[in-house]
file my_file_10.txt (compact mmCIF, C-alpha atoms)
# COMPACT_ATOMS: atom_id res chain seq x y z
CA MET O 1 100.06 56.02 79.97
CA GLY O 2 96.55 55.21 78.83
CA CYS O 3 95.07 58.68 79.54
CA ARG O 4 93.73 61.07 76.94
CA SER O 5 94.88 64.18 78.79
CA PHE O 6 96.78 65.46 81.80
CA ASP O 7 93.48 66.30 83.49
CA GLN O 8 92.33 62.69 83.22
CA TYR O 9 95.71 61.46 84.52
CA ALA O 10 95.52 63.79 87.54
CA ARG O 11 91.98 62.77 88.46
CA GLU O 12 92.21 59.01 87.84
CA ARG O 13 95.86 58.20 88.61
CA LEU O 14 96.84 60.88 91.15
CA GLY O 15 93.42 61.37 92.75
CA MET O 16 93.64 65.17 92.81
CA ALA O 17 92.31 68.18 90.96
CA PRO O 18 94.25 69.01 87.75
CA ARG O 19 94.82 72.57 88.99
CA LYS O 20 96.55 71.34 92.13
CA ALA O 21 98.63 68.89 90.09
CA ARG O 22 99.81 71.73 87.85
CA THR O 23 100.64 73.84 90.90
CA LEU O 24 102.72 71.03 92.40
CA LEU O 25 104.47 70.50 89.08
CA ARG O 26 105.33 74.19 88.79
CA VAL O 27 106.66 74.28 92.36
CA GLU O 28 108.75 71.16 91.75
CA ARG O 29 110.31 72.67 88.64
CA ALA O 30 111.11 75.84 90.57
CA CYS O 31 112.67 73.77 93.37
CA GLN O 32 114.93 72.02 90.89
CA ALA O 33 116.22 75.42 89.72
CA SER O 34 116.46 76.99 93.21
CA ALA O 35 118.30 75.18 96.00
CA ALA O 36 116.98 77.59 98.65
CA LEU O 37 113.34 77.08 97.61
CA GLY O 38 113.76 73.32 97.27
CA GLN O 39 115.30 72.94 100.73
CA ALA O 40 112.61 75.04 102.43
CA TRP O 41 109.75 73.32 100.55
CA ARG O 42 110.91 69.77 101.20
CA ALA O 43 111.65 70.53 104.85
CA GLY O 44 108.11 71.80 105.40
CA GLY O 45 109.18 75.39 105.96
CA LEU O 46 106.85 76.72 103.26
CA THR O 47 103.22 76.04 102.46
CA LEU O 48 102.18 75.20 98.92
CA ALA O 49 100.72 78.69 98.45
CA GLN O 50 103.95 80.34 99.66
CA ALA O 51 106.13 78.14 97.45
CA HIS O 52 103.89 78.78 94.44
CA THR O 53 104.10 82.54 95.01
CA LEU O 54 107.90 82.45 95.16
CA ALA O 55 108.02 80.19 92.10
CA THR O 56 106.32 82.97 90.14
CA LEU O 57 109.16 85.33 91.06
CA PHE O 58 112.01 82.85 90.69
CA ALA O 59 110.79 81.84 87.24
CA LEU O 60 111.78 85.30 85.97
CA ASP O 61 115.44 84.70 86.81
CA HIS O 62 116.81 81.47 88.28
CA SER O 63 120.08 83.20 89.22
CA LEU O 64 118.58 85.68 91.67
CA PRO O 65 121.07 86.23 94.52
CA TRP O 66 118.21 87.06 96.92
CA GLN O 67 116.41 83.72 96.80
CA ALA O 68 117.38 82.79 100.36
CA ALA O 69 116.23 86.24 101.56
CA TRP O 70 112.86 85.76 99.85
CA VAL O 71 112.41 82.33 101.43
CA ALA O 72 113.16 83.85 104.85
CA ARG O 73 110.72 86.69 104.18
CA ALA O 74 107.98 84.23 103.28
CA GLY O 75 108.24 82.80 106.77
CA ARG O 76 107.89 86.21 108.44
CA VAL O 77 104.96 87.80 106.58
CA THR O 78 101.44 86.78 105.75
CA LEU O 79 100.63 85.19 102.41
CA ARG O 80 98.73 88.33 101.32
CA ARG O 81 101.76 90.47 102.17
CA LEU O 82 104.04 88.09 100.29
CA CYS O 83 101.85 88.23 97.17
CA ASP O 84 101.81 92.03 97.27
CA ASP O 85 105.60 92.14 97.69
CA VAL O 86 106.13 89.84 94.72
CA ASP O 87 103.82 92.02 92.60
CA ALA O 88 105.72 95.12 93.72
CA VAL O 89 109.15 93.82 92.71
CA ILE O 90 107.85 92.52 89.37
CA ALA O 91 106.41 95.96 88.66
CA SER O 92 109.59 97.78 89.71
CA GLY O 93 112.03 95.37 88.10
CA ASN O 94 114.18 95.27 91.25
CA PRO O 95 113.93 91.82 92.88
CA ASP O 96 115.95 92.75 95.97
CA PRO O 97 113.60 92.31 98.98
CA ALA O 98 115.62 94.93 100.87
CA ALA O 99 114.34 97.54 98.38
CA LEU O 100 110.72 96.97 99.35
CA PRO O 101 109.00 99.86 101.13
CA VAL O 102 108.74 99.52 104.87
CA VAL O 103 105.17 98.86 105.95
CA PRO O 104 104.18 101.30 108.74
CA SER O 105 103.26 99.66 112.00
CA GLY O 106 99.54 99.07 112.43
CA LEU O 107 98.88 98.89 108.69
CA GLN O 108 96.77 95.90 107.77
CA ALA O 109 98.38 93.17 105.72
CA GLY O 110 97.79 93.59 102.02
CA ALA O 111 97.21 97.36 102.14
CA PRO O 112 99.09 99.49 99.56
CA HIS O 113 102.48 100.93 100.49
CA LYS O 114 101.11 104.49 100.46
CA GLY O 115 102.61 105.40 103.81
CA SER O 116 106.21 104.93 102.68
CA ALA O 117 108.42 107.76 101.46
CA ASP O 118 110.02 105.31 99.01
CA THR O 119 106.80 105.02 97.02
CA PRO O 120 106.94 107.30 93.95
CA PRO O 121 103.96 109.64 93.50
CA ARG O 122 101.39 108.60 90.93
CA LEU O 123 98.06 109.81 89.63
CA GLU O 124 95.03 109.20 91.83
CA GLU O 125 92.55 106.62 90.63
CA ARG O 126 89.04 106.74 92.05
CA HIS O 127 87.64 103.39 90.96
CA ARG O 128 88.60 99.81 91.73
CA LEU O 129 88.03 96.77 89.52
CA SER O 130 87.83 93.30 91.10
CA LEU O 131 88.61 90.17 89.10
CA TRP O 132 87.77 86.69 90.40
CA ALA O 133 89.60 83.85 88.67
CA PRO O 134 91.39 80.54 89.38
CA GLU O 135 94.60 81.07 91.33
CA ASP O 136 96.97 80.21 88.48
CA THR O 137 95.02 82.42 86.06
CA ALA O 138 95.02 85.30 88.54
CA ARG O 139 98.78 85.03 89.05
CA LEU O 140 99.39 85.04 85.30
CA PHE O 141 97.17 88.11 84.90
CA ARG O 142 98.88 89.96 87.75
CA ALA O 143 102.34 89.20 86.36
CA ALA O 144 101.33 90.40 82.89
CA HIS O 145 99.72 93.53 84.36
CA ALA O 146 102.83 94.33 86.41
CA THR O 147 105.06 93.91 83.36
CA VAL O 148 102.87 96.22 81.26
CA GLN O 149 102.80 98.79 84.08
CA ARG O 150 106.60 98.77 84.39
CA ARG O 151 107.23 99.09 80.64
CA LEU O 152 104.58 101.78 80.25
CA GLY O 153 106.25 103.76 83.03
CA ARG O 154 109.57 103.57 81.23
CA LEU O 155 108.01 104.81 77.98
CA GLU O 156 106.17 107.68 79.70
CA GLY O 157 109.08 108.65 81.93
CA ARG O 158 106.90 108.52 85.05
CA PRO O 159 105.28 105.84 87.21
CA ALA O 160 102.26 104.39 85.40
CA THR O 161 99.07 103.74 87.31
CA PRO O 162 97.44 100.30 87.42
CA GLY O 163 94.48 101.67 85.50
CA GLU O 164 96.67 102.95 82.67
CA ALA O 165 98.35 99.54 82.40
CA LEU O 166 94.96 97.80 82.35
CA GLU O 167 93.75 100.12 79.59
CA VAL O 168 96.77 99.22 77.46
CA MET O 169 96.12 95.51 78.04
CA LEU O 170 92.45 95.81 77.08
CA CYS O 171 93.30 97.76 73.92
CA HIS O 172 95.79 95.04 72.96
CA VAL O 173 93.19 92.32 73.54
CA ASN O 174 90.65 94.22 71.47
CA GLU O 175 93.06 94.70 68.59
CA THR O 176 94.14 91.05 68.68
CA TRP O 177 90.84 89.21 69.16
CA ARG O 178 88.09 91.44 67.80
CA LEU O 179 86.13 90.20 64.80
CA ARG O 180 87.81 91.42 61.63
CA CYS O 181 84.69 91.27 59.46
CA GLY O 182 82.10 91.98 62.12
CA GLY O 183 78.89 90.04 62.57
CA GLN O 184 78.20 86.97 64.65
CA PRO O 185 80.82 84.19 64.80
CA ARG O 186 79.92 81.17 62.69
CA GLU O 187 79.99 78.82 65.68
CA HIS O 188 77.54 81.01 67.58
CA ARG O 189 75.23 81.20 64.57
CA ILE O 190 75.12 77.39 64.36
CA MET O 191 74.48 77.04 68.09
CA GLU O 192 71.71 79.62 67.98
CA ARG O 193 70.09 77.74 65.10
CA ASP O 194 70.21 74.51 67.13
CA GLY O 195 68.70 76.12 70.21
CA TRP O 196 71.99 76.32 72.14
CA ARG O 197 71.93 72.62 72.99
CA CYS O 198 73.55 69.38 71.84
CA THR O 199 71.68 67.90 68.87
CA VAL O 200 72.37 64.25 69.77
CA PRO O 201 68.97 62.63 70.49
CA GLY O 202 68.41 62.28 74.22
CA CYS O 203 71.16 64.72 75.18
CA THR O 204 70.01 67.85 77.02
CA SER O 205 73.40 69.50 77.53
CA TYR O 206 73.52 73.28 77.23
CA ARG O 207 77.16 73.59 78.34
CA ASN O 208 80.57 73.16 76.66
CA LEU O 209 79.09 73.29 73.18
CA HIS O 210 81.17 72.73 70.02
CA ALA O 211 80.43 73.24 66.33
CA HIS O 212 81.02 69.84 64.69
CA HIS O 213 81.71 69.25 60.99
CA VAL O 214 79.49 66.38 59.86
CA VAL O 215 81.91 65.63 57.04
CA PHE O 216 85.28 66.12 58.70
CA ARG O 217 87.45 68.93 57.41
CA SER O 218 90.24 66.38 57.01
CA ALA O 219 87.95 64.59 54.57
CA GLY O 220 87.21 67.76 52.61
CA GLY O 221 84.16 68.86 54.58
CA ALA O 222 83.02 72.44 54.02
CA ASP O 223 82.33 75.17 56.56
CA SER O 224 78.79 75.63 55.27
CA ASP O 225 75.88 75.70 57.69
CA ASP O 226 74.46 72.40 56.43
CA ASN O 227 77.72 70.64 57.33
CA LEU O 228 77.80 71.97 60.89
CA THR O 229 75.83 70.87 63.92
CA THR O 230 76.06 71.54 67.65
CA LEU O 231 77.49 68.88 69.96
CA CYS O 232 78.44 68.94 73.61
CA ALA O 233 82.10 68.34 74.45
CA ALA O 234 81.50 64.75 75.58
CA HIS O 235 79.71 63.65 72.40
CA HIS O 236 82.11 65.62 70.20
CA GLN O 237 85.47 64.69 71.71
CA ARG O 238 84.66 61.18 72.91
CA GLY O 239 81.62 60.01 71.01
CA VAL O 240 82.79 61.11 67.54
CA HIS O 241 86.52 61.97 67.54
CA GLY O 242 87.64 59.90 70.50
CA GLY O 243 86.99 56.53 68.92
CA GLY O 244 83.52 56.33 70.45
CA PRO O 245 80.43 54.61 69.07
CA LEU O 246 78.74 57.72 67.62
CA ARG O 247 78.62 58.47 63.88
CA ILE O 248 76.76 61.38 62.29
CA THR O 249 75.88 61.68 58.62
CA GLY O 250 73.49 63.72 56.50
CA ARG O 251 72.79 67.43 56.24
CA ALA O 252 72.06 69.82 59.09
CA PRO O 253 69.82 70.75 60.67
CA VAL O 254 66.89 68.41 59.82
CA GLU O 255 68.42 65.64 57.69
CA LEU O 256 70.97 64.29 60.15
CA ARG O 257 71.35 60.58 60.86
CA PHE O 258 72.80 59.50 64.21
CA GLU O 259 74.18 55.95 64.43
CA LEU O 260 75.06 54.48 67.81
CA ALA O 261 77.00 51.20 67.95
CA LEU O 262 76.00 48.87 70.80
CA GLU O 263 78.26 45.95 71.71
CA THR O 264 77.12 42.71 73.34
CA PHE O 265 79.36 39.86 74.49
CA ALA O 266 76.64 37.43 75.63
CA SER O 267 77.29 34.96 72.81
CA GLY O 268 80.95 35.73 72.38
CA ASP O 269 80.51 37.89 69.31
CA VAL O 270 79.93 41.58 68.68
CA ARG O 271 76.77 42.90 67.13
CA VAL O 272 76.31 46.45 65.91
CA VAL O 273 72.85 47.94 66.21
CA GLU O 274 72.18 51.14 64.28
CA ARG O 275 69.65 53.63 65.52
CA ALA O 276 68.76 56.26 62.97
CA VAL O 277 67.13 59.54 63.85
CA ALA O 278 66.15 61.99 61.12

call {"tool": "encode", "arguments": {"input": "my_file_10.txt", "output": "structure tokens"}}
result
Amino acid sequence: MGCRSFDQYARERLGMAPRKARTLLRVERACQASAALGQAWRAGGLTLAQAHTLATLFALDHSLPWQAAWVARAGRVTLRRLCDDVDAVIASGNPDPAALPVVPSGLQAGAPHKGSADTPPRLEERHRLSLWAPEDTARLFRAAHATVQRRLGRLEGRPATPGEALEVMLCHVNETWRLRCGGQPREHRIMERDGWRCTVPGCTSYRNLHAHHVVFRSAGGADSDDNLTTLCAAHHQRGVHGGGPLRITGRAPVELRFELALETFASGDVRVVERAVA
């Protein structure tokens, strides 16, 4: 459709933030699988945040017999209470809203269900960790954390605490993503050599930096330091690889040649002007 990415399509064609577009898309897909959610959403009975919260739960099983009950519950409780209830059923594995603990009267919305006799005893945890993230990222993290907590409880034969589940997640991340050979990543070494900034003359960007192969890897370029230079995302993805006017040759870091093509249509033809910077 003439756009390089979904983000560009959302901003230029839809006129909205890509995150909101993805949220609307996820809710629409959930509405197509759930008649109860689709009817309530299209009739204006649910806000976008409420529908998105229920979509997280309904995505686990589209055949849930309690979908209508969940839609009705969303209209009776606060959004914070609804989010906590969804987290609770994901952690317990029982999606029946009737199985949720009864919140004692006077308890603030969003407080833990500690006053209910239905809550199984668990170890006390004295510290709290706060995580601030985009809404969709936070929901994904909370769903993964609840799943780990539920499975850990089954393995241990007792209710697992949130802290124990988080520790298992962090150990898994460390085992999966830690550096196998130690030392500084190659990309970081190149960026440190280039002063943590884009090396294109005139560019002062210190953000969204990429390590660019001067001779493309598809053309047999090596991963050696003299074939790598630091570029910002705009110059890398659009200027070089996106069909843009930028071409880089030579050897890094001091023998690079930057060529910028300039087009003029004043006389009906196209002239290419090369600007070389050593």

call {"tool": "residues_around", "arguments": {"input": "my_file_10.txt", "residues": "region 91-97 of chain O", "least_positions_apart": "2", "cutoff": "7 Å", "atoms": "all atoms listed in the file", "output": "NGL selection string"}}
result
:O and (66 or 70 or 87-89 or 99-100 or 146-147 or 149-150)

call {"tool": "closest_residue", "arguments": {"input": "my_file_10.txt", "among": "O:Cys83, O:Ala98, O:Ala43, O:Ala165", "to": "Ala138 (chain O)", "atoms": "only C-alpha atoms"}}
result
O:Cys83

call {"tool": "closest_residue", "arguments": {"input": "my_file_10.txt", "among": "O:Thr23, O:Thr56, O:Ala233, O:Glu259", "to": "Pro245 (chain O)", "atoms": "all atoms listed in the file"}}
result
O:Glu259

call {"tool": "atom_distance", "arguments": {"input": "my_file_10.txt", "atom1": "CA of Asp223 (chain O)", "atom2": "CA of His188 (chain O)"}}
result
13.4 Å

call {"tool": "residues_around", "arguments": {"input": "my_file_10.txt", "residues": "Ala59 (chain O)", "least_positions_apart": "6", "cutoff": "10 Å", "atoms": "all atoms listed in the file", "output": "number ranges by chain"}}
result
O: 26, 29-30, 33-34

call {"tool": "residues_around", "arguments": {"input": "my_file_10.txt", "residues": "region 206-219 of chain O", "least_positions_apart": "5", "cutoff": "7 Å", "atoms": "all atoms listed in the file", "output": "ChimeraX atom specification"}}
result
/O:187,196-198,227-233,248-249
